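Enquirer: Starting off with a structure, shown below.
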Amino acid sequence: MPELPEVETVVRDLKKVIVGQTITAIDIIDNRVIKDLSNTQFKRKLKGKTVQSVTRRAKGIIIAFDSDDYLFVHLKMTGQLIYGAKQNIKETKVVFSLSDGNYLNYNDQRLFGWLIYTTDLDTIGYIKTAGPEPFGRDFNCAFIREAIKTRKVPVKTLLLNQFFVAGIGNIYASEILHRAQISPMKPSFRLSDIECERLYDQTVDVLKESIRYRGTSMRNYRDSKGRRGRFMNRIRVYNREGKDCLSCGDKVKRIVQSGRSTFYCASCQD
DNA sequence: AGGTCGACCTGGCAGC
DNA sequence: TGCTGCCAGGTCGACC
């Protein structure tokens, strides 16, 4: 499910309600989402811990405790962190009881997600190797111009590469390229300076706009209150094969790149 | 070394 | 109604 805007939405909401709370109990319904630790170990590590902060890195959620340790959560395709009443649906895999009497439910239909307990975030390869944050100082036009020089992969594939830039997934890669008027098939090193500029501007603009609309709910994504994101209404090409391009009226096309669907308008993007 | 592809899972949907 | 095949927002490791 969630790409940067969806994860950011969850993080901002959770921050308001779980910081300062203590985990009083943990119910593990399916431990396949828990990495490296047994059920007993996982509970022992987290029970009694008080949440100090909730932050995001790439598409990952970092819950820090006042004891200098962390719970790293990656929602992958279908993970959800829902705060409120205890849930008991078939997707519910782990439930944390909190000191205010509410619960933090981890739901995950496909079980791809990760719950990782650690005392050192650098031991998590995903965090250690993630590329620059799109809103960070390190990600800018000059960085893009330099990074594309040696890359032959289609620019769509490059946008999905988390080593290049953190947080973009399959929906926003198509949306960013449509707004930047760049063909998803264009080899990265062939981007002109102007195109690099448009790519930078639209990456930042699309992600920020989606955060304002609380993300995109294609299928499974829900925020921490179980609500859908409203950026769905602003999607221009993703999952719109055969429909009219909202800019020019031509038909939106779908192709497969590196095994993943790409949607684009051949008239608007070259 | 850079790039591609299957594996990890469950479930919804279209077509027969 | 069932069955089959395809598709789904991500990441990694094995391969070429």
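Residues in the structure tokens are numbered from 1 in each chain, the chains being A, B, ... in the order shown, and ligands are numbered from 1 in the order shown.
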Could you list, as a ChimeraX atom specification, every residue of chain C that has an atom within 12 Å of an atom of chain A, counting only C-alpha atoms (C1' of nucleotides)?
Expert: /C:7-12
Enquirer: Would you list which chain B residues are within 7 Å of chain A using only C-alpha atoms (C1' of nucleotides), as a PyMOL selection string?
Expert: chain B and resi 4+8-10
Enquirer: May I have the residues from that selection written out with N, CA, C and O atoms (P, O5', C5', C4', C3', O3' and C1' of nucleotides), as a short mmCIF file (atom, residue, chain, number, x, y, z; two decimals), in the first residue's frame?
Expert:
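Output contents, as saved in result_30.cif:
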```
data_model
loop_
_atom_site.label_atom_id
_atom_site.label_comp_id
_atom_site.auth_asym_id
_atom_site.auth_seq_id
_atom_site.Cartn_x
_atom_site.Cartn_y
_atom_site.Cartn_z
P DT B 4 16.03 -3.37 -16.18
"O5'" DT B 4 15.65 -4.90 -16.00
"C5'" DT B 4 16.33 -5.89 -16.78
"C4'" DT B 4 15.85 -7.27 -16.35
"C3'" DT B 4 14.35 -7.36 -16.03
"O3'" DT B 4 13.87 -8.56 -16.62
"C1'" DT B 4 15.59 -8.09 -14.17
P DC B 8 8.29 -18.72 -1.71
"O5'" DC B 8 7.75 -17.54 -0.77
"C5'" DC B 8 8.63 -16.95 0.18
"C4'" DC B 8 8.03 -15.66 0.66
"C3'" DC B 8 6.57 -15.76 1.12
"O3'" DC B 8 6.57 -15.87 2.53
"C1'" DC B 8 7.05 -13.73 -0.07
P DC B 9 5.50 -16.83 3.18
"O5'" DC B 9 4.21 -15.92 3.11
"C5'" DC B 9 3.02 -16.47 2.65
"C4'" DC B 9 2.00 -15.39 2.61
"C3'" DC B 9 0.62 -15.90 2.21
"O3'" DC B 9 -0.10 -16.08 3.41
"C1'" DC B 9 1.20 -13.89 1.02
P DT B 10 -1.45 -16.92 3.33
"O5'" DT B 10 -2.53 -15.82 2.93
"C5'" DT B 10 -2.68 -14.64 3.69
"C4'" DT B 10 -3.61 -13.71 2.96
"C3'" DT B 10 -4.94 -14.36 2.56
"O3'" DT B 10 -5.97 -13.61 3.16
"C1'" DT B 10 -3.96 -13.20 0.72
#
```
Enquirer: According to DSSP computed on the backbone, where in region 10-241 of chain A is there helix (DSSP H, G or I)? Give the residues as a compact mmCIF listing (two decimals) with N, CA and C atoms, in the first residue's frame.
Expert:
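Written file, out-v1.txt:
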```txt
# COMPACT_ATOMS: atom_id res chain seq x y z
N VAL A 10 0.06 8.65 8.43
CA VAL A 10 -0.06 7.78 9.61
C VAL A 10 0.84 8.29 10.74
N VAL A 11 2.07 8.65 10.38
CA VAL A 11 3.03 9.11 11.39
C VAL A 11 2.53 10.38 12.09
N ARG A 12 2.07 11.35 11.31
CA ARG A 12 1.60 12.62 11.90
C ARG A 12 0.42 12.38 12.84
N ASP A 13 -0.47 11.48 12.45
CA ASP A 13 -1.64 11.20 13.30
C ASP A 13 -1.26 10.43 14.55
N LEU A 14 -0.42 9.43 14.38
CA LEU A 14 -0.04 8.60 15.54
C LEU A 14 0.71 9.43 16.58
N LYS A 15 1.55 10.34 16.07
CA LYS A 15 2.32 11.21 16.94
C LYS A 15 1.42 11.90 17.97
N LYS A 16 0.25 12.31 17.51
CA LYS A 16 -0.66 13.06 18.40
C LYS A 16 -1.25 12.18 19.49
N VAL A 17 -1.35 10.88 19.24
CA VAL A 17 -2.09 10.04 20.19
C VAL A 17 -1.27 9.01 20.94
N ILE A 18 -0.09 8.64 20.45
CA ILE A 18 0.63 7.59 21.20
C ILE A 18 1.90 8.05 21.89
N ASN A 31 2.59 -14.29 14.03
CA ASN A 31 3.93 -13.74 14.25
C ASN A 31 4.78 -13.67 12.98
N ARG A 32 4.20 -13.96 11.82
CA ARG A 32 5.01 -13.90 10.60
C ARG A 32 5.42 -12.47 10.25
N VAL A 33 4.74 -11.48 10.82
CA VAL A 33 5.14 -10.09 10.55
C VAL A 33 6.23 -9.61 11.51
N ASN A 39 7.79 -14.77 19.84
CA ASN A 39 6.69 -14.04 20.47
C ASN A 39 7.06 -13.59 21.88
N THR A 40 7.64 -14.51 22.62
CA THR A 40 8.01 -14.22 24.02
C THR A 40 9.03 -13.10 24.09
N GLN A 41 10.05 -13.18 23.23
CA GLN A 41 11.09 -12.14 23.22
C GLN A 41 10.51 -10.79 22.84
N PHE A 42 9.67 -10.78 21.81
CA PHE A 42 9.06 -9.54 21.32
C PHE A 42 8.26 -8.86 22.41
N LYS A 43 7.45 -9.66 23.12
CA LYS A 43 6.65 -9.09 24.21
C LYS A 43 7.53 -8.59 25.34
N ARG A 44 8.55 -9.36 25.68
CA ARG A 44 9.43 -8.97 26.78
C ARG A 44 10.14 -7.65 26.47
N LYS A 45 10.55 -7.48 25.20
CA LYS A 45 11.26 -6.26 24.81
C LYS A 45 10.35 -5.03 24.86
N LEU A 46 9.08 -5.19 24.52
CA LEU A 46 8.23 -4.01 24.32
C LEU A 46 7.27 -3.70 25.46
N LEU A 121 19.15 1.51 15.02
CA LEU A 121 18.48 1.61 13.72
C LEU A 121 19.42 1.31 12.56
N ASP A 122 20.72 1.50 12.78
CA ASP A 122 21.69 1.24 11.71
C ASP A 122 21.82 -0.24 11.37
N THR A 123 21.29 -1.09 12.24
CA THR A 123 21.34 -2.53 11.93
C THR A 123 20.23 -2.91 10.94
N GLY A 125 19.00 -2.69 7.47
CA GLY A 125 19.54 -2.36 6.16
C GLY A 125 18.69 -1.38 5.39
N TYR A 126 17.38 -1.54 5.49
CA TYR A 126 16.45 -0.67 4.76
C TYR A 126 16.69 0.79 5.12
N ILE A 127 16.90 1.06 6.39
CA ILE A 127 17.11 2.44 6.84
C ILE A 127 18.51 2.92 6.45
N LYS A 128 19.48 2.05 6.67
CA LYS A 128 20.87 2.42 6.44
C LYS A 128 21.14 2.78 4.98
N THR A 129 20.48 2.06 4.07
CA THR A 129 20.80 2.25 2.65
C THR A 129 19.82 3.14 1.90
N CYS A 141 17.88 19.50 -7.76
CA CYS A 141 18.13 19.34 -9.20
C CYS A 141 19.56 18.88 -9.49
N ALA A 142 20.51 19.45 -8.77
CA ALA A 142 21.91 19.08 -9.01
C ALA A 142 22.15 17.60 -8.70
N PHE A 143 21.54 17.15 -7.62
CA PHE A 143 21.66 15.73 -7.24
C PHE A 143 21.10 14.84 -8.35
N ILE A 144 19.94 15.22 -8.88
CA ILE A 144 19.31 14.40 -9.92
C ILE A 144 20.18 14.39 -11.18
N ARG A 145 20.64 15.57 -11.58
CA ARG A 145 21.47 15.65 -12.80
C ARG A 145 22.71 14.75 -12.67
N GLU A 146 23.29 14.73 -11.50
CA GLU A 146 24.49 13.92 -11.28
C GLU A 146 24.14 12.43 -11.25
N ALA A 147 23.05 12.11 -10.56
CA ALA A 147 22.69 10.70 -10.35
C ALA A 147 22.27 10.00 -11.64
N ILE A 148 21.66 10.73 -12.56
CA ILE A 148 21.16 10.08 -13.78
C ILE A 148 22.25 9.78 -14.79
N VAL A 155 13.40 5.99 -16.62
CA VAL A 155 13.28 6.92 -15.49
C VAL A 155 12.20 6.44 -14.49
N LYS A 156 11.17 5.78 -14.98
CA LYS A 156 10.16 5.22 -14.06
C LYS A 156 10.79 4.23 -13.07
N THR A 157 11.64 3.36 -13.62
CA THR A 157 12.32 2.37 -12.77
C THR A 157 13.24 3.06 -11.78
N LEU A 158 13.91 4.13 -12.23
CA LEU A 158 14.80 4.86 -11.32
C LEU A 158 14.02 5.47 -10.15
N LEU A 159 12.84 6.03 -10.44
CA LEU A 159 12.04 6.64 -9.36
C LEU A 159 11.62 5.62 -8.30
N LEU A 160 11.46 4.37 -8.73
CA LEU A 160 11.06 3.33 -7.76
C LEU A 160 12.24 2.83 -6.94
N ASN A 170 4.78 2.92 -6.75
CA ASN A 170 4.26 2.75 -8.10
C ASN A 170 3.20 3.77 -8.50
N ILE A 171 2.38 4.20 -7.56
CA ILE A 171 1.36 5.20 -7.91
C ILE A 171 2.02 6.54 -8.23
N TYR A 172 2.83 7.03 -7.29
CA TYR A 172 3.40 8.37 -7.45
C TYR A 172 4.43 8.45 -8.55
N ALA A 173 5.11 7.34 -8.86
CA ALA A 173 6.06 7.36 -9.98
C ALA A 173 5.32 7.73 -11.27
N SER A 174 4.18 7.10 -11.51
CA SER A 174 3.39 7.43 -12.72
C SER A 174 2.86 8.86 -12.66
N GLU A 175 2.35 9.25 -11.50
CA GLU A 175 1.76 10.59 -11.37
C GLU A 175 2.80 11.69 -11.54
N ILE A 176 3.97 11.49 -10.95
CA ILE A 176 5.04 12.50 -11.05
C ILE A 176 5.48 12.67 -12.50
N LEU A 177 5.68 11.54 -13.20
CA LEU A 177 6.15 11.63 -14.59
C LEU A 177 5.10 12.24 -15.51
N HIS A 178 3.83 11.98 -15.22
CA HIS A 178 2.79 12.60 -16.04
C HIS A 178 2.81 14.12 -15.86
N ARG A 179 2.88 14.55 -14.64
CA ARG A 179 2.88 16.00 -14.39
C ARG A 179 4.16 16.66 -14.89
N ALA A 180 5.27 15.88 -14.87
CA ALA A 180 6.54 16.43 -15.35
C ALA A 180 6.65 16.32 -16.87
N SER A 188 17.20 7.13 -18.14
CA SER A 188 17.46 8.22 -17.19
C SER A 188 18.53 9.20 -17.68
N PHE A 189 19.62 8.67 -18.24
CA PHE A 189 20.73 9.57 -18.61
C PHE A 189 20.39 10.51 -19.76
N ARG A 190 19.27 10.25 -20.42
CA ARG A 190 18.87 11.13 -21.52
C ARG A 190 18.01 12.33 -21.08
N ASP A 193 18.42 18.99 -18.76
CA ASP A 193 18.44 19.76 -17.51
C ASP A 193 17.04 20.25 -17.15
N ILE A 194 16.31 20.69 -18.16
CA ILE A 194 14.94 21.16 -17.94
C ILE A 194 14.08 20.03 -17.39
N GLU A 195 14.25 18.84 -17.96
CA GLU A 195 13.46 17.70 -17.49
C GLU A 195 13.83 17.32 -16.06
N CYS A 196 15.10 17.41 -15.73
CA CYS A 196 15.53 17.14 -14.34
C CYS A 196 14.84 18.13 -13.40
N GLU A 197 14.75 19.36 -13.84
CA GLU A 197 14.11 20.39 -13.02
C GLU A 197 12.61 20.07 -12.83
N ARG A 198 11.97 19.71 -13.93
CA ARG A 198 10.54 19.37 -13.81
C ARG A 198 10.34 18.13 -12.95
N LEU A 199 11.26 17.17 -13.08
CA LEU A 199 11.16 15.95 -12.29
C LEU A 199 11.28 16.28 -10.80
N TYR A 200 12.24 17.14 -10.47
CA TYR A 200 12.40 17.55 -9.08
C TYR A 200 11.15 18.27 -8.57
N ASP A 201 10.72 19.28 -9.33
CA ASP A 201 9.57 20.09 -8.91
C ASP A 201 8.33 19.22 -8.69
N GLN A 202 8.07 18.32 -9.64
CA GLN A 202 6.84 17.52 -9.54
C GLN A 202 6.94 16.44 -8.47
N THR A 203 8.14 15.92 -8.25
CA THR A 203 8.31 14.95 -7.16
C THR A 203 7.87 15.59 -5.84
N VAL A 204 8.41 16.77 -5.59
CA VAL A 204 8.09 17.47 -4.34
C VAL A 204 6.63 17.89 -4.30
N ASP A 205 6.14 18.45 -5.41
CA ASP A 205 4.76 18.96 -5.42
C ASP A 205 3.73 17.85 -5.27
N VAL A 206 3.90 16.75 -6.01
CA VAL A 206 2.91 15.67 -5.96
C VAL A 206 2.87 15.05 -4.57
N LEU A 207 4.04 14.79 -4.01
CA LEU A 207 4.07 14.17 -2.68
C LEU A 207 3.47 15.10 -1.62
N LYS A 208 3.80 16.39 -1.71
CA LYS A 208 3.25 17.34 -0.73
C LYS A 208 1.74 17.48 -0.87
N GLU A 209 1.30 17.54 -2.13
CA GLU A 209 -0.14 17.66 -2.36
C GLU A 209 -0.88 16.43 -1.82
N SER A 210 -0.27 15.27 -2.05
CA SER A 210 -0.93 14.05 -1.56
C SER A 210 -0.98 14.00 -0.04
N ILE A 211 0.05 14.51 0.61
CA ILE A 211 0.02 14.57 2.08
C ILE A 211 -1.13 15.46 2.53
N ARG A 212 -1.32 16.58 1.81
CA ARG A 212 -2.43 17.48 2.16
C ARG A 212 -3.77 16.76 2.06
N PHE A 231 -6.50 11.67 -1.96
CA PHE A 231 -5.74 12.02 -3.16
C PHE A 231 -6.22 11.21 -4.37
N MET A 232 -6.95 10.13 -4.10
CA MET A 232 -7.61 9.35 -5.16
C MET A 232 -8.28 10.24 -6.20
N ASN A 233 -8.95 11.32 -5.72
CA ASN A 233 -9.70 12.21 -6.61
C ASN A 233 -8.77 13.08 -7.47
N ARG A 234 -7.49 13.08 -7.15
CA ARG A 234 -6.57 13.94 -7.89
C ARG A 234 -5.60 13.14 -8.76
```
Enquirer: Quick one: everything within 12 Å of DC6 (chain C), counting only C-alpha atoms (C1' of nucleotides), minus sequence neighbours fewer than 6 positions away in the same chain. Send it as an MDAnalysis selection string.
Expert: chainID B and resid 12:15
Enquirer: Save out the residues we just selected, N, CA and C atoms (P, O5', C5', C4', C3', O3' and C1' of nucleotides), as a short mmCIF file (atom, residue, chain, number, x, y, z; two decimals), in the first residue's frame.
Expert:
```cif
data_model
loop_
_atom_site.label_atom_id
_atom_site.label_comp_id
_atom_site.auth_asym_id
_atom_site.auth_seq_id
_atom_site.Cartn_x
_atom_site.Cartn_y
_atom_site.Cartn_z
P DG B 12 -11.85 -10.61 -0.63
"O5'" DG B 12 -12.17 -9.61 -1.82
"C5'" DG B 12 -11.33 -8.47 -2.02
"C4'" DG B 12 -11.29 -8.13 -3.49
"C3'" DG B 12 -12.59 -8.41 -4.24
"O3'" DG B 12 -12.83 -7.33 -5.12
"C1'" DG B 12 -10.83 -9.58 -5.27
P DC B 13 -14.30 -7.15 -5.76
"O5'" DC B 13 -14.04 -7.38 -7.31
"C5'" DC B 13 -12.86 -6.83 -7.91
"C4'" DC B 13 -12.59 -7.56 -9.21
"C3'" DC B 13 -13.86 -7.98 -9.97
"O3'" DC B 13 -13.76 -7.54 -11.30
"C1'" DC B 13 -12.36 -9.78 -9.78
P DA B 14 -15.09 -7.46 -12.20
"O5'" DA B 14 -14.56 -8.03 -13.58
"C5'" DA B 14 -13.18 -7.84 -13.93
"C4'" DA B 14 -12.78 -8.91 -14.94
"C3'" DA B 14 -13.91 -9.33 -15.87
"O3'" DA B 14 -13.37 -9.49 -17.17
"C1'" DA B 14 -13.13 -11.21 -14.68
P DG B 15 -14.35 -9.84 -18.42
"O5'" DG B 15 -14.09 -11.38 -18.65
"C5'" DG B 15 -12.75 -11.86 -18.81
"C4'" DG B 15 -12.77 -13.36 -18.96
"C3'" DG B 15 -13.94 -13.88 -19.79
"O3'" DG B 15 -13.46 -14.90 -20.64
"C1'" DG B 15 -13.97 -14.91 -17.68
#
```
Enquirer: Could you pull the residues within 12 Å of DC16 (chain C), counting only C-alpha atoms (C1' of nucleotides), minus those fewer than 3 positions along the same chain, as a PyMOL selection string?
Expert: chain B and resi 1-5
Enquirer: Would you output that residue set with C-alpha atoms (C1' of nucleotides), as a PDB file, in the first residue's frame?
Expert:
```pdb
ATOM      1  C1'  DA B   1      28.145  -3.778 -11.563  1.00  0.00           C
ATOM      2  C1'  DG B   2      23.717  -2.830 -13.207  1.00  0.00           C
ATOM      3  C1'  DG B   3      19.528  -4.582 -14.154  1.00  0.00           C
ATOM      4  C1'  DT B   4      15.595  -8.093 -14.167  1.00  0.00           C
ATOM      5  C1'  DC B   5      12.692 -11.508 -12.091  1.00  0.00           C
TER       6       DC B   5
END
```
Enquirer: Calculate how many Å separate CA of Lys47 (chain A) from CA of Ile23 (chain A), rounding to one decimal.
Expert: 5.4 Å
